[in-house]
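*Asks:* Below is the file final-v4.tsv, with TSV, C-alpha atoms and all ligand atoms.
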chain	number	residue	atom	x	y	z
F	1	MET	CA	39.38	35.28	-24.34
F	2	LYS	CA	42.22	36.67	-26.47
F	3	ILE	CA	45.86	37.17	-25.56
F	4	SER	CA	49.03	38.57	-27.06
F	5	ILE	CA	52.45	38.81	-25.45
F	6	LEU	CA	53.38	42.34	-26.54
F	7	GLY	CA	57.00	41.60	-25.70
F	8	SER	CA	58.94	39.72	-23.03
F	9	GLY	CA	62.50	39.59	-21.73
F	10	SER	CA	64.84	41.53	-19.47
F	11	SER	CA	64.33	44.70	-21.59
F	12	GLY	CA	60.57	44.83	-21.10
F	13	ASN	CA	57.40	42.84	-20.50
F	14	SER	CA	53.77	43.47	-21.31
F	15	ILE	CA	50.81	41.20	-21.99
F	16	PHE	CA	47.50	42.15	-23.61
F	17	ILE	CA	44.33	40.32	-22.58
F	18	ASP	CA	40.82	40.73	-23.95
F	19	THR	CA	38.10	38.78	-22.17
F	20	ASN	CA	35.72	39.79	-25.00
F	21	GLU	CA	34.20	42.53	-22.84
F	22	PHE	CA	37.18	43.97	-21.05
F	23	LYS	CA	40.70	44.71	-22.34
F	24	PHE	CA	43.66	45.11	-20.02
F	25	LEU	CA	47.44	44.79	-19.75
F	26	VAL	CA	49.57	42.81	-17.35
F	27	ASP	CA	52.75	44.89	-16.85
F	28	ALA	CA	53.98	47.84	-18.88
F	29	GLY	CA	57.74	47.38	-19.00
F	30	PHE	CA	58.21	49.34	-22.24
F	31	SER	CA	57.80	53.03	-23.00
F	32	CYS	CA	54.28	54.23	-23.64
F	33	LYS	CA	55.20	54.79	-27.31
F	34	LYS	CA	56.48	51.25	-27.71
F	35	ILE	CA	53.37	49.77	-26.12
F	36	GLU	CA	51.23	51.89	-28.47
F	37	GLU	CA	53.24	50.43	-31.38
F	38	ARG	CA	53.03	46.84	-30.15
F	39	LEU	CA	49.27	47.14	-29.65
F	40	SER	CA	48.86	48.56	-33.15
F	41	GLU	CA	50.75	45.48	-34.48
F	42	ILE	CA	47.78	43.39	-33.28
F	43	GLY	CA	45.10	45.95	-34.26
F	44	GLU	CA	44.53	47.21	-30.71
F	45	SER	CA	44.95	50.59	-29.00
F	46	LEU	CA	45.69	51.91	-25.51
F	47	LYS	CA	42.47	53.95	-25.87
F	48	ASP	CA	40.53	50.72	-25.34
F	49	ILE	CA	42.57	49.42	-22.40
F	50	SER	CA	40.61	49.63	-19.13
F	51	ALA	CA	43.19	48.49	-16.56
F	52	LEU	CA	46.87	47.83	-15.99
F	53	LEU	CA	47.95	45.08	-13.60
F	54	ILE	CA	51.51	45.14	-12.26
F	55	THR	CA	53.33	41.97	-11.16
F	56	HIS	CA	56.23	43.76	-9.41
F	57	GLU	CA	58.29	46.92	-9.36
F	58	HIS	CA	61.26	45.96	-11.54
F	59	GLY	CA	61.81	48.38	-14.43
F	60	ASP	CA	61.20	45.73	-17.10
F	61	HIS	CA	57.60	45.50	-15.76
F	62	ILE	CA	56.64	49.08	-14.88
F	63	MET	CA	58.67	51.39	-17.12
F	64	GLY	CA	55.71	52.86	-19.05
F	65	ALA	CA	53.02	52.38	-16.38
F	66	GLY	CA	52.94	55.94	-14.98
F	67	ILE	CA	52.80	57.67	-18.36
F	68	ILE	CA	50.20	55.25	-19.70
F	69	SER	CA	48.00	55.82	-16.66
F	70	ARG	CA	48.24	59.63	-16.98
F	71	LYS	CA	47.90	59.83	-20.78
F	72	TYR	CA	44.99	57.38	-21.11
F	73	ASN	CA	43.41	57.69	-17.64
F	74	ILE	CA	43.92	53.99	-16.90
F	75	PRO	CA	43.82	52.56	-13.35
F	76	ILE	CA	46.94	50.75	-12.11
F	77	TYR	CA	46.50	47.68	-9.91
F	78	ILE	CA	49.66	47.11	-7.88
F	79	SER	CA	50.68	45.76	-4.46
F	80	GLN	CA	51.31	48.40	-1.81
F	81	GLU	CA	54.85	47.00	-1.36
F	82	SER	CA	55.73	47.40	-5.06
F	83	TYR	CA	54.13	50.85	-5.16
F	84	GLU	CA	56.20	52.11	-2.18
F	85	ILE	CA	59.43	51.14	-3.98
F	86	SER	CA	58.42	52.44	-7.40
F	87	LYS	CA	56.35	55.56	-6.69
F	88	VAL	CA	59.12	57.95	-7.73
F	89	LYS	CA	59.58	56.07	-11.02
F	90	LEU	CA	55.81	55.92	-11.60
F	91	GLY	CA	55.33	59.64	-10.98
F	92	ASN	CA	52.05	61.16	-9.93
F	93	ILE	CA	49.12	58.76	-10.28
F	94	GLU	CA	45.61	60.11	-9.73
F	95	ASP	CA	44.11	58.69	-6.53
F	96	CYS	CA	41.22	57.23	-8.50
F	97	ASN	CA	43.71	55.39	-10.75
F	98	LEU	CA	45.73	53.80	-7.97
F	99	LYS	CA	44.29	50.49	-6.79
F	100	PHE	CA	46.15	48.44	-4.24
F	101	ILE	CA	45.94	44.71	-4.71
F	102	ASN	CA	44.86	42.98	-1.55
F	103	GLY	CA	43.45	39.54	-2.27
F	104	ASP	CA	41.07	38.51	-5.05
F	105	PHE	CA	39.17	41.23	-6.85
F	106	GLN	CA	36.70	41.83	-9.68
F	107	LEU	CA	38.29	43.75	-12.53
F	108	SER	CA	34.88	44.09	-14.14
F	109	GLU	CA	31.51	42.42	-13.73
F	110	THR	CA	32.72	39.42	-15.69
F	111	VAL	CA	36.46	39.34	-14.95
F	112	LYS	CA	37.84	38.10	-11.67
F	113	ILE	CA	41.53	38.30	-10.73
F	114	GLN	CA	43.19	35.99	-8.24
F	115	PRO	CA	46.67	37.34	-7.42
F	116	PHE	CA	49.22	35.02	-5.85
F	117	ASP	CA	52.63	35.68	-4.28
F	118	VAL	CA	55.67	34.15	-5.95
F	119	MET	CA	59.35	33.98	-5.01
F	120	HIS	CA	61.49	36.58	-6.81
F	121	ASP	CA	63.87	39.33	-5.72
F	122	ALA	CA	61.42	42.26	-5.64
F	123	SER	CA	59.74	43.72	-2.54
F	124	ARG	CA	56.73	41.65	-3.54
F	125	THR	CA	56.04	39.72	-6.73
F	126	LEU	CA	52.64	38.58	-7.90
F	127	GLY	CA	51.35	36.18	-10.47
F	128	PHE	CA	47.77	36.45	-11.72
F	129	LYS	CA	45.02	33.98	-12.41
F	130	ILE	CA	42.40	35.54	-14.67
F	131	LEU	CA	38.88	34.17	-14.70
F	132	GLY	CA	36.85	35.47	-17.62
F	133	LYS	CA	33.52	34.79	-19.28
F	134	ASN	CA	32.26	31.29	-20.04
F	135	GLY	CA	34.68	29.62	-17.63
F	136	LYS	CA	37.75	30.67	-19.62
F	137	SER	CA	40.88	31.30	-17.61
F	138	ALA	CA	44.57	32.10	-17.85
F	139	ALA	CA	47.42	32.14	-15.35
F	140	ILE	CA	50.57	34.22	-15.63
F	141	SER	CA	53.91	34.23	-13.85
F	142	THR	CA	56.73	36.01	-15.65
F	143	ASP	CA	59.40	36.26	-12.92
F	144	ILE	CA	59.56	33.34	-10.52
F	145	GLY	CA	62.55	31.73	-8.83
F	146	TYR	CA	60.76	28.73	-7.40
F	147	ILE	CA	57.35	27.16	-7.95
F	148	SER	CA	55.64	26.18	-4.71
F	149	ASN	CA	52.72	23.78	-4.41
F	150	ILE	CA	50.48	26.75	-3.62
F	151	THR	CA	51.55	28.43	-6.87
F	152	LYS	CA	50.78	25.23	-8.78
F	153	GLU	CA	47.18	25.30	-7.56
F	154	TYR	CA	46.60	28.58	-9.42
F	155	PHE	CA	47.70	26.99	-12.68
F	156	LYS	CA	45.35	24.02	-12.53
F	157	ASN	CA	42.38	23.80	-14.95
F	158	ILE	CA	43.32	26.83	-17.01
F	159	ASP	CA	43.03	27.44	-20.76
F	160	ILE	CA	46.13	29.59	-21.24
F	161	LEU	CA	49.43	29.43	-19.42
F	162	VAL	CA	52.19	32.05	-19.37
F	163	ILE	CA	55.36	30.95	-17.61
F	164	GLU	CA	58.93	32.13	-17.43
F	165	CYS	CA	61.66	30.15	-19.23
F	166	ASN	CA	64.54	32.40	-18.30
F	167	TYR	CA	67.71	30.39	-18.68
F	168	ASP	CA	69.29	27.17	-19.80
F	169	TYR	CA	71.36	25.91	-16.87
F	170	ASP	CA	74.50	25.08	-18.89
F	171	MET	CA	74.35	28.33	-20.86
F	172	LEU	CA	73.98	30.31	-17.64
F	173	MET	CA	76.93	28.57	-16.03
F	174	ASN	CA	79.08	29.18	-19.11
F	175	CYS	CA	78.02	32.76	-19.96
F	176	SER	CA	80.07	35.84	-19.14
F	177	TYR	CA	77.97	36.97	-16.14
F	178	PRO	CA	79.85	37.42	-12.86
F	179	TRP	CA	79.35	34.59	-10.39
F	180	ASP	CA	77.14	36.58	-7.99
F	181	LEU	CA	74.70	37.38	-10.82
F	182	LYS	CA	74.60	33.73	-11.94
F	183	SER	CA	73.96	32.73	-8.37
F	184	ARG	CA	71.16	35.31	-7.97
F	185	ILE	CA	69.45	34.22	-11.21
F	186	LYS	CA	69.38	30.53	-10.32
F	187	SER	CA	68.41	31.07	-6.66
F	188	ASN	CA	64.87	30.51	-5.37
F	189	ASN	CA	64.42	34.28	-5.47
F	190	GLY	CA	65.69	34.63	-9.02
F	191	HIS	CA	64.37	33.25	-12.28
F	192	LEU	CA	63.10	29.96	-13.69
F	193	SER	CA	65.11	27.60	-15.91
F	194	ASN	CA	63.81	25.90	-19.05
F	195	THR	CA	63.91	22.51	-17.32
F	196	ASP	CA	61.99	23.68	-14.25
F	197	ALA	CA	59.39	25.37	-16.45
F	198	ALA	CA	59.01	22.19	-18.52
F	199	LYS	CA	58.53	20.06	-15.38
F	200	PHE	CA	55.99	22.56	-14.11
F	201	ILE	CA	53.94	22.42	-17.33
F	202	CYS	CA	53.87	18.60	-17.11
F	203	ASP	CA	52.78	18.83	-13.46
F	204	ILE	CA	49.84	21.16	-13.99
F	205	TYR	CA	48.76	19.96	-17.46
F	206	SER	CA	45.08	19.24	-17.96
F	207	GLU	CA	43.10	18.59	-21.16
F	208	LYS	CA	41.62	22.06	-20.79
F	209	LEU	CA	45.00	23.69	-21.40
F	210	GLN	CA	45.16	24.98	-24.97
F	211	LYS	CA	48.28	27.07	-25.12
F	212	ALA	CA	51.50	27.73	-23.20
F	213	TYR	CA	53.55	30.87	-23.68
F	214	LEU	CA	57.20	30.58	-22.70
F	215	VAL	CA	58.37	34.04	-21.69
F	216	HIS	CA	61.17	36.19	-20.23
F	217	VAL	CA	63.80	34.28	-22.24
F	218	SER	CA	67.30	35.59	-21.48
F	219	LYS	CA	69.32	36.71	-24.50
F	220	ASP	CA	72.62	35.85	-22.79
F	221	SER	CA	71.90	32.54	-21.11
F	222	ASN	CA	69.19	31.05	-23.31
F	223	HIS	CA	67.92	30.75	-26.87
F	224	PRO	CA	64.32	30.44	-28.15
F	225	ASP	CA	65.20	27.20	-30.02
F	226	LEU	CA	66.62	25.69	-26.84
F	227	VAL	CA	63.51	26.71	-24.86
F	228	LEU	CA	61.23	24.95	-27.35
F	229	GLU	CA	63.47	21.90	-27.61
F	230	THR	CA	63.68	21.45	-23.82
F	231	VAL	CA	59.97	21.92	-23.16
F	232	LYS	CA	58.84	19.87	-26.19
F	233	LYS	CA	61.10	16.97	-25.20
F	234	MET	CA	59.73	16.78	-21.67
F	235	LEU	CA	56.12	17.10	-22.84
F	236	TYR	CA	56.73	14.34	-25.40
F	237	GLU	CA	58.19	12.06	-22.71
F	238	ASN	CA	54.99	12.65	-20.72
F	239	ASN	CA	52.69	12.08	-23.72
F	240	ILE	CA	51.47	15.66	-23.70
F	241	GLU	CA	50.63	17.53	-26.88
F	242	LEU	CA	50.36	21.25	-26.43
F	243	ASP	CA	50.56	24.42	-28.52
F	244	LEU	CA	53.77	26.14	-27.37
F	245	GLU	CA	54.94	29.62	-28.27
F	246	VAL	CA	58.13	31.41	-27.25
F	247	ALA	CA	57.57	35.14	-26.67
F	248	HIS	CA	59.94	37.63	-28.26
F	249	GLN	CA	61.48	40.75	-26.83
F	250	ASP	CA	61.15	42.81	-29.98
F	251	ARG	CA	57.69	42.08	-31.33
F	252	ALA	CA	54.15	41.20	-30.29
F	253	SER	CA	52.92	37.64	-30.67
F	254	ASN	CA	49.87	37.10	-32.89
F	255	LEU	CA	46.58	37.51	-31.09
F	256	PHE	CA	45.52	34.06	-29.89
F	257	LYS	CA	41.86	33.40	-29.31
F	258	ILE	CA	40.07	30.71	-27.35
F	259	GLU	CA	36.35	30.24	-27.80
C	1	ZN	ZN	61.79	40.96	-11.83
C	2	ZN	ZN	61.41	40.73	-15.30
Spell out the structure here as structure tokens.
Ligand SMILES: [Zn+2]
Ligand SMILES: [Zn+2]
*Replies:*
Amino acid sequence: MKISILGSGSSGNSIFIDTNEFKFLVDAGFSCKKIEERLSEIGESLKDISALLITHEHGDHIMGAGIISRKYNIPIYISQESYEISKVKLGNIEDCNLKFINGDFQLSETVKIQPFDVMHDASRTLGFKILGKNGKSAAISTDIGYISNITKEYFKNIDILVIECNYDYDMLMNCSYPWDLKSRIKSNNGHLSNTDAAKFICDIYSEKLQKAYLVHVSKDSNHPDLVLETVKKMLYENNIELDLEVAHQDRASNLFKIE
């Protein structure tokens, strides 16, 4: 299994996954052109992408989805709730390319997807557990206000973890956002703080876990150095050694491969 975070943050999110037989994207929150560019940075192309999974209808997750589906004839997997809200933004999607997510499904013969509901302020927000060949798996949640015990179950015994580290609590409280926005971000239906993400990684850690991507880092109420420092410190206190990588808004991460 290979993965690259093509970009992550409030201005756009997209993740590339290759299970060695099947290549797909989770979210397309950039323009089609930008996703073409980000894929070319890692030697990949939209021509080879076979599916697009959508976590929720916010613009930073679906912006390029409609155009990508039309231009490259790629099926979109989305919840009916998110589709109803975003269908005008998505534009016309061929019936054969519109797949409503309703429970676990096979993306291909060898790739199984287990979607799970998470708390966030969209009509419905999903995270995805991806089960690929040879027992390799990944779990992704990019926008999540609160991590329930049910959510945690999906992150157990995985090889690759992608989790939101949206804000540093003190930076959020001291930044220039109006109070109602601060309150929305830190609510159970908002976003995840560095500290809560760090605790979560310690909770679900198993020896199988090889890599954790820390994503959706706010540019106003967080800093990549602070994300790493906070998560590293808590992992160290719990005697956990793990390859950590903070995703960037403006460039793709190197393609990471697990055997
Ligand atoms: Zn969102
Ligand atoms: Zn988002």
*Asks:* Given a cut-off of 12 Å, what residues near ligand ZN 2 (chain C) show up using all atoms listed in the file, put as an MDAnalysis selection string?
*Replies:* chainID F and resid 7:14 27:30 54:63 120:122 125:126 141:145 163:166 185 190:192 215:218 249
*Asks:* Figure out the distance between CA of Leu107 in chain F and CA of Gly127 in chain F, please, to one decimal in Å.
*Replies:*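 CA of Leu107 in chain F lies 15.2 Å from CA of Gly127 in chain F.
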*Asks:* Taking the point (63.2, 30.2, -30.1) as given in the file, collect each protein or nucleic acid residue that comes within 10 Å of it, counting all atoms listed in the file, and present the set as a ChimeraX atom specification.
*Replies:* /F:214,217,222-229,245-248
*Asks:* Which residue, F:Arg124, F:Lys199, F:Arg70, F:Lys182, has the smallest gap to Lys152 in chain F when you use only C-alpha atoms?
*Replies:* F:Lys199
*Asks:* Calculated over all atoms listed in the file, which of the candidates F:Asn194, F:Ser183, F:Ser206, F:Asn189 has the smallest distance to ligand ZN 1 (chain C)?
*Replies:*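 Result for the nearest residue to ligand ZN 1 (chain C): F:Asn189.
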*Asks:* Would you please work out which residue, of F:Phe200, F:Tyr72, F:Tyr177, F:Phe256, is nearest to Ser4 in chain F when using only C-alpha atoms?
*Replies:* F:Phe256
*Asks:* Kindly indicate which residue among F:Ile5, F:Ile49, F:Ala212, F:Leu25 lies nearest to Leu242 in chain F, using all atoms listed in the file for the distances.
*Replies:* F:Ala212
*Asks:* Tell me, as a PyMOL selection string, which residues lie within 6 Å of range 32-48 of chain F, counting all atoms listed in the file; anything in the same chain fewer than 3 positions away does not count.
*Replies:* chain F and resi 6+64+68+252
*Asks:* Could you please determine the separation between CA of Met1 in chain F and CA of Leu161 in chain F in Å, to one decimal place?
*Replies:*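 The value is 12.6 Å.
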*Asks:* Have a look at CA of Phe24 in chain F and CA of Ala138 in chain F and let me know their distance in Å, one decimal.
*Replies:* 13.2 Å
*Asks:* For a quick check of understanding, using only C-alpha atoms and all ligand atoms, which of F:Ser123, F:Asn174, F:Asn149, F:Ser193 has the smallest distance to ligand ZN 1 (chain C)?
*Replies:*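 Checking each of F:Ser123, F:Asn174, F:Asn149, F:Ser193 against ligand ZN 1 (chain C), counting only C-alpha atoms and all ligand atoms, the winner is F:Ser123.
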*Asks:* With distances taken over all atoms listed in the file, which of F:Ser176, F:Asn157, F:Asn238, F:Ser82 is nearest to ligand ZN 1 (chain C)?
*Replies:*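 That would be F:Ser82, the residue with the smallest distance to ligand ZN 1 (chain C).
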*Asks:* Can you tell me which residues surround Thr151 in chain F at a distance of at most 10 Å, considering all atoms listed in the file, apart from same-chain residues fewer than 4 positions away, and format the answer as a ChimeraX atom specification?
*Replies:* /F:116-119,127,141,146-147,155-156
*Asks:* Give me the residues of range 79-124 of chain F that have any atom at most 10 Å from an atom of range 16-21 of chain F; for each, the nearest atom pair and the distance in Å, rounded to one decimal. Use only C-alpha atoms, sort by chain and number, and format it as a Markdown table.
*Replies:*
| residue | atom | partner | partner_atom | distance |
| --- | --- | --- | --- | --- |
| F:Ser108 | CA | F:Glu21 | CA | 8.9 |
| F:Glu109 | CA | F:Glu21 | CA | 9.5 |
| F:Thr110 | CA | F:Glu21 | CA | 7.9 |
| F:Val111 | CA | F:Thr19 | CA | 7.4 |
*Asks:* Neighbourhood query: residues within 9 Å of (59.1, 21.5, -22.9), file coordinates, counting all atoms listed in the file; return as a list in words.
*Replies:*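 Nearby residues: Asn194, Thr195, Ala197, Ala198, Lys199, Ile201, Cys202, Val227, Leu228, Glu229, Thr230, Val231, Lys232, Lys233, Met234, Leu235, Tyr236 and Leu244 of chain F.
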*Asks:* Report as a VMD selection string all protein, DNA and RNA residues lying within 8 Å of Tyr154 in chain F, evaluated on all atoms listed in the file, omitting residues in the same chain fewer than 4 positions from it.
*Replies:* chain F and resid 116 129 139 150
